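Visitor: This structure is in structure tokens; I'll ask about it shortly.
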Amino acid sequence: MTVERAPGDQRRPDRRRPYLMLPPALRQAAAWSAAVILLIAVASLVVFALVELRAATVPFVVALLGASLLYPVVPWLVRRGVGRGLAAGLTCIVLVVAGGGVIALLVNSLVHSAPQIAEALPAAGRRLEQWLGPLGHKIQHALSNAKGETNSLVSTLTNSVLSGLGLLTQLITGAVLSLALVFFFLRDGHRTGDAIRSYLPGRGAETVIACAERAFDAMAGFMRGTTLIALIDATFITIGLLALGVPGAAGLGALVFMGAYIPFVGAFLSGTVAVLVALADGGLGTALWALGVVLAVQMIEGNVLQPVIQSRTVELHPATIMVAVVAGSGIAGIIGALLAVPVCAAVAGVVSVLRGLPEQGA
């Protein structure tokens, strides 16, 4: 059946593209949605590739952090007549000696203090159970499980080291690769700009170089500032715990030092363990004094040390830091939590360069 048009009906068929028939606001929303979905898909693929290749990506990031921490040493030696290759080699030797010494000290402190800390946690739980009733019972149950999980973890790690060489081999391989990359970064880092210019045209090369320099500065600021702040925090908290007679003070100080590299979460967990150990050993009075020491050190860190020591290149909003730590731990566990903030700071620096914001800091 055909539809006859009236003699005066001159309407033409609508030949517009379908999306032009939508309201402008809806078209913009659809375009932004497609862009966001595409961005999330690409980011997910990149993260998946990095996680799958973590045997290479983790040593690479660790080497970048180590090189950013030690890079000023090489120009200082070169200005005094030392060859760049020799200067990089000497710096790596110092890194191995210093890093080995620090790791040995931390491990020794934790090993000798772990039994005392493990025994103190259930004791603190029993005290809380008496004071807080049902809520304290839940806390006591959690702390008792923490002791069992700690003992199980120690046993598992010991058995892995003694009988299984897979994890140990991966750690040694990653450490050797990281050290080799640190050497090459220190020796040839000054040639990065020329290498980029040889592959990219003029303006694009300068943009990439500016992004790389800003990201490297952010990592350097994080590593130098965090290491110094962690050392100061651990020293003063250890002194305070020793003055209070808290058992395992050296191991608790080691936990504080390592926890400083995981913002907010590390400080909270290490401080909580210190207070619980003080509660189990000396009662409520000692626990309150230990809490006061921890809070005083954290307040000094937040109001004095962070603004003075920490580079402005790693200024991130606390919410950004929390999300980065949680996301990093969800992607790669404790390694992801440790690397999340410096990587996030580097990305923020790159974004600021791409947006044309003025540089901040050194």
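Following the order of the structure tokens, chains are lettered A, B, ..., residues in each are numbered from 1, and ligands are numbered from 1.
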Within 8 Å of range 320-336 of chain A, counting only C-alpha atoms, which residues show up once you throw out same-chain ones fewer than 3 positions away? Write them as a VMD selection string, please.

Guide: chain A and resid 51 262 to 264 316 to 317 339 to 341 344

Visitor: Write the selection just made, keeping N, CA, C and O atoms, as a PDB file, in the first residue's frame?

Guide:
```pdb
ATOM      1  N   VAL A  51      51.949  -5.485  35.057  1.00  0.00           N
ATOM      2  CA  VAL A  51      51.883  -6.516  36.102  1.00  0.00           C
ATOM      3  C   VAL A  51      52.397  -7.847  35.576  1.00  0.00           C
ATOM      4  O   VAL A  51      53.133  -8.562  36.260  1.00  0.00           O
ATOM      5  N   ILE A 262      55.173   3.975  53.038  1.00  0.00           N
ATOM      6  CA  ILE A 262      53.773   3.818  52.654  1.00  0.00           C
ATOM      7  C   ILE A 262      52.996   4.881  53.410  1.00  0.00           C
ATOM      8  O   ILE A 262      52.663   4.704  54.580  1.00  0.00           O
ATOM      9  N   PRO A 263      52.735   6.039  52.818  1.00  0.00           N
ATOM     10  CA  PRO A 263      52.120   7.155  53.547  1.00  0.00           C
ATOM     11  C   PRO A 263      50.809   6.761  54.209  1.00  0.00           C
ATOM     12  O   PRO A 263      50.037   5.953  53.683  1.00  0.00           O
ATOM     13  N   PHE A 264      50.566   7.335  55.377  1.00  0.00           N
ATOM     14  CA  PHE A 264      49.349   7.164  56.162  1.00  0.00           C
ATOM     15  C   PHE A 264      49.198   5.728  56.681  1.00  0.00           C
ATOM     16  O   PHE A 264      49.157   5.503  57.887  1.00  0.00           O
ATOM     17  N   LEU A 316      51.150  16.151  46.776  1.00  0.00           N
ATOM     18  CA  LEU A 316      49.935  15.511  46.311  1.00  0.00           C
ATOM     19  C   LEU A 316      48.873  15.644  47.388  1.00  0.00           C
ATOM     20  O   LEU A 316      49.185  15.664  48.579  1.00  0.00           O
ATOM     21  N   HIS A 317      47.639  15.726  46.971  1.00  0.00           N
ATOM     22  CA  HIS A 317      46.550  15.795  47.940  1.00  0.00           C
ATOM     23  C   HIS A 317      46.489  14.481  48.721  1.00  0.00           C
ATOM     24  O   HIS A 317      46.705  13.402  48.159  1.00  0.00           O
ATOM     25  N   LEU A 339      55.535   1.452  45.716  1.00  0.00           N
ATOM     26  CA  LEU A 339      55.862   2.195  44.500  1.00  0.00           C
ATOM     27  C   LEU A 339      54.749   3.126  44.047  1.00  0.00           C
ATOM     28  O   LEU A 339      54.963   3.931  43.136  1.00  0.00           O
ATOM     29  N   ALA A 340      53.568   3.039  44.682  1.00  0.00           N
ATOM     30  CA  ALA A 340      52.415   3.778  44.190  1.00  0.00           C
ATOM     31  C   ALA A 340      52.624   5.285  44.263  1.00  0.00           C
ATOM     32  O   ALA A 340      52.347   6.009  43.298  1.00  0.00           O
ATOM     33  N   VAL A 341      53.107   5.785  45.410  1.00  0.00           N
ATOM     34  CA  VAL A 341      53.203   7.237  45.587  1.00  0.00           C
ATOM     35  C   VAL A 341      54.264   7.861  44.675  1.00  0.00           C
ATOM     36  O   VAL A 341      53.986   8.870  44.019  1.00  0.00           O
ATOM     37  N   CYS A 344      52.863   7.862  41.228  1.00  0.00           N
ATOM     38  CA  CYS A 344      51.775   8.843  41.128  1.00  0.00           C
ATOM     39  C   CYS A 344      52.333  10.263  41.067  1.00  0.00           C
ATOM     40  O   CYS A 344      51.842  11.103  40.314  1.00  0.00           O
TER      41      CYS A 344
END
```

Visitor: Taking into account only C-alpha atoms, which residue in the set A:Ala63, A:Ser352, A:Leu53, A:Trp76 is nearest to Ala215 in chain A?

Guide: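 Smallest separation from Ala215 in chain A among the options: A:Ser352.
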
Visitor: Give me the residues within 12 Å of range 89-100 of chain A as a ChimeraX atom specification, counting only C-alpha atoms and dropping any in the same chain fewer than 2 places off.

Guide: /A:63,66-67,69-78,82-87,102-108,175-176,178-187

Visitor: I'd like the neighbourhood of Ala346 in chain A as a PyMOL selection string, where a residue qualifies if any of its atoms comes within 8 Å (using only C-alpha atoms), though same-chain residues fewer than 4 positions away should be ignored.

Guide: chain A and resi 214-219+314+342+350

Visitor: Go ahead and write the residues just picked, N, CA and C atoms, as a PDB file, in the first residue's frame.

Guide:
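Below is the file result.pdb, written as the result:
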```
ATOM      1  N   ARG A 214      60.670  16.330  34.781  1.00  0.00           N
ATOM      2  CA  ARG A 214      59.741  16.599  35.874  1.00  0.00           C
ATOM      3  C   ARG A 214      59.420  15.315  36.639  1.00  0.00           C
ATOM      4  N   ALA A 215      59.219  14.206  35.929  1.00  0.00           N
ATOM      5  CA  ALA A 215      58.945  12.933  36.596  1.00  0.00           C
ATOM      6  C   ALA A 215      60.146  12.480  37.422  1.00  0.00           C
ATOM      7  N   PHE A 216      61.348  12.641  36.877  1.00  0.00           N
ATOM      8  CA  PHE A 216      62.553  12.245  37.609  1.00  0.00           C
ATOM      9  C   PHE A 216      62.737  13.109  38.854  1.00  0.00           C
ATOM     10  N   ASP A 217      62.473  14.408  38.745  1.00  0.00           N
ATOM     11  CA  ASP A 217      62.567  15.292  39.908  1.00  0.00           C
ATOM     12  C   ASP A 217      61.561  14.895  40.981  1.00  0.00           C
ATOM     13  N   ALA A 218      60.361  14.494  40.566  1.00  0.00           N
ATOM     14  CA  ALA A 218      59.350  14.079  41.543  1.00  0.00           C
ATOM     15  C   ALA A 218      59.806  12.825  42.288  1.00  0.00           C
ATOM     16  N   MET A 219      60.338  11.845  41.559  1.00  0.00           N
ATOM     17  CA  MET A 219      60.852  10.641  42.210  1.00  0.00           C
ATOM     18  C   MET A 219      62.007  10.964  43.143  1.00  0.00           C
ATOM     19  N   VAL A 314      56.613  16.718  44.913  1.00  0.00           N
ATOM     20  CA  VAL A 314      55.788  15.564  45.256  1.00  0.00           C
ATOM     21  C   VAL A 314      54.593  15.985  46.093  1.00  0.00           C
ATOM     22  N   PRO A 342      55.502   7.330  44.601  1.00  0.00           N
ATOM     23  CA  PRO A 342      56.452   7.948  43.672  1.00  0.00           C
ATOM     24  C   PRO A 342      56.003   7.892  42.223  1.00  0.00           C
ATOM     25  N   VAL A 350      54.221  14.905  35.112  1.00  0.00           N
ATOM     26  CA  VAL A 350      54.068  14.860  33.654  1.00  0.00           C
ATOM     27  C   VAL A 350      52.798  15.582  33.224  1.00  0.00           C
TER      28      VAL A 350
END
```

Visitor: Expressed in Å to a single decimal, how great is the separation between CA of Gly292 in chain A and CA of Ser270 in chain A?

Guide: 14.1 Å

Visitor: What is the distance, in Å and to one decimal place, between CA of Leu244 in chain A and CA of Leu276 in chain A?

Guide: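 Pair CA of Leu244 in chain A / CA of Leu276 in chain A returns 13.4 Å.
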
Visitor: Quick one: pull the distance between CA of Leu279 in chain A and CA of Leu255 in chain A, Å, one decimal.

Guide: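 Interatomic distance, CA of Leu279 in chain A to CA of Leu255 in chain A: 17.5 Å.
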
Visitor: So, counting only C-alpha atoms, which residue among A:Gly259, A:Leu241, A:Val351, A:Met299 is closest to Ala287 in chain A?

Guide: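 Using only C-alpha atoms, the shortest distance to Ala287 in chain A belongs to A:Leu241.
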
Visitor: I'd like the contact shell of Phe236 in chain A - 9 Å cut-off, only C-alpha atoms, skipping same-chain residues fewer than 4 positions apart - returned as an mmCIF file with C-alpha atoms, in the first residue's frame.

Guide:
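Ended up saving to part_2.cif:
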```cif
data_model
loop_
_atom_site.group_PDB
_atom_site.id
_atom_site.type_symbol
_atom_site.label_atom_id
_atom_site.label_comp_id
_atom_site.auth_asym_id
_atom_site.auth_seq_id
_atom_site.Cartn_x
_atom_site.Cartn_y
_atom_site.Cartn_z
ATOM 1 C CA LEU A 231 65.157 7.982 59.591
ATOM 2 C CA ILE A 232 64.173 10.888 61.877
ATOM 3 C CA GLY A 240 60.955 7.222 73.243
ATOM 4 C CA LEU A 241 60.112 3.510 73.420
ATOM 5 C CA GLY A 253 61.676 1.423 65.194
ATOM 6 C CA VAL A 293 55.408 9.834 71.624
ATOM 7 C CA VAL A 294 54.038 8.485 68.338
ATOM 8 C CA VAL A 297 56.579 12.598 66.205
#
```

Visitor: Find the residue from A:Ala25, A:Ala280, A:Val353, A:Ile229 that sits nearest to Val308 in chain A; use only C-alpha atoms when measuring.

Guide: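 Smallest distance to Val308 in chain A is found for A:Ile229.
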
Visitor: Rank nothing, just name the residue among A:Val277, A:Ala254, A:Cys211, A:Ala35 nearest to Thr235 in chain A, using only C-alpha atoms.

Guide: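 Answer, going by the shortest atom-to-atom distance: A:Ala254.
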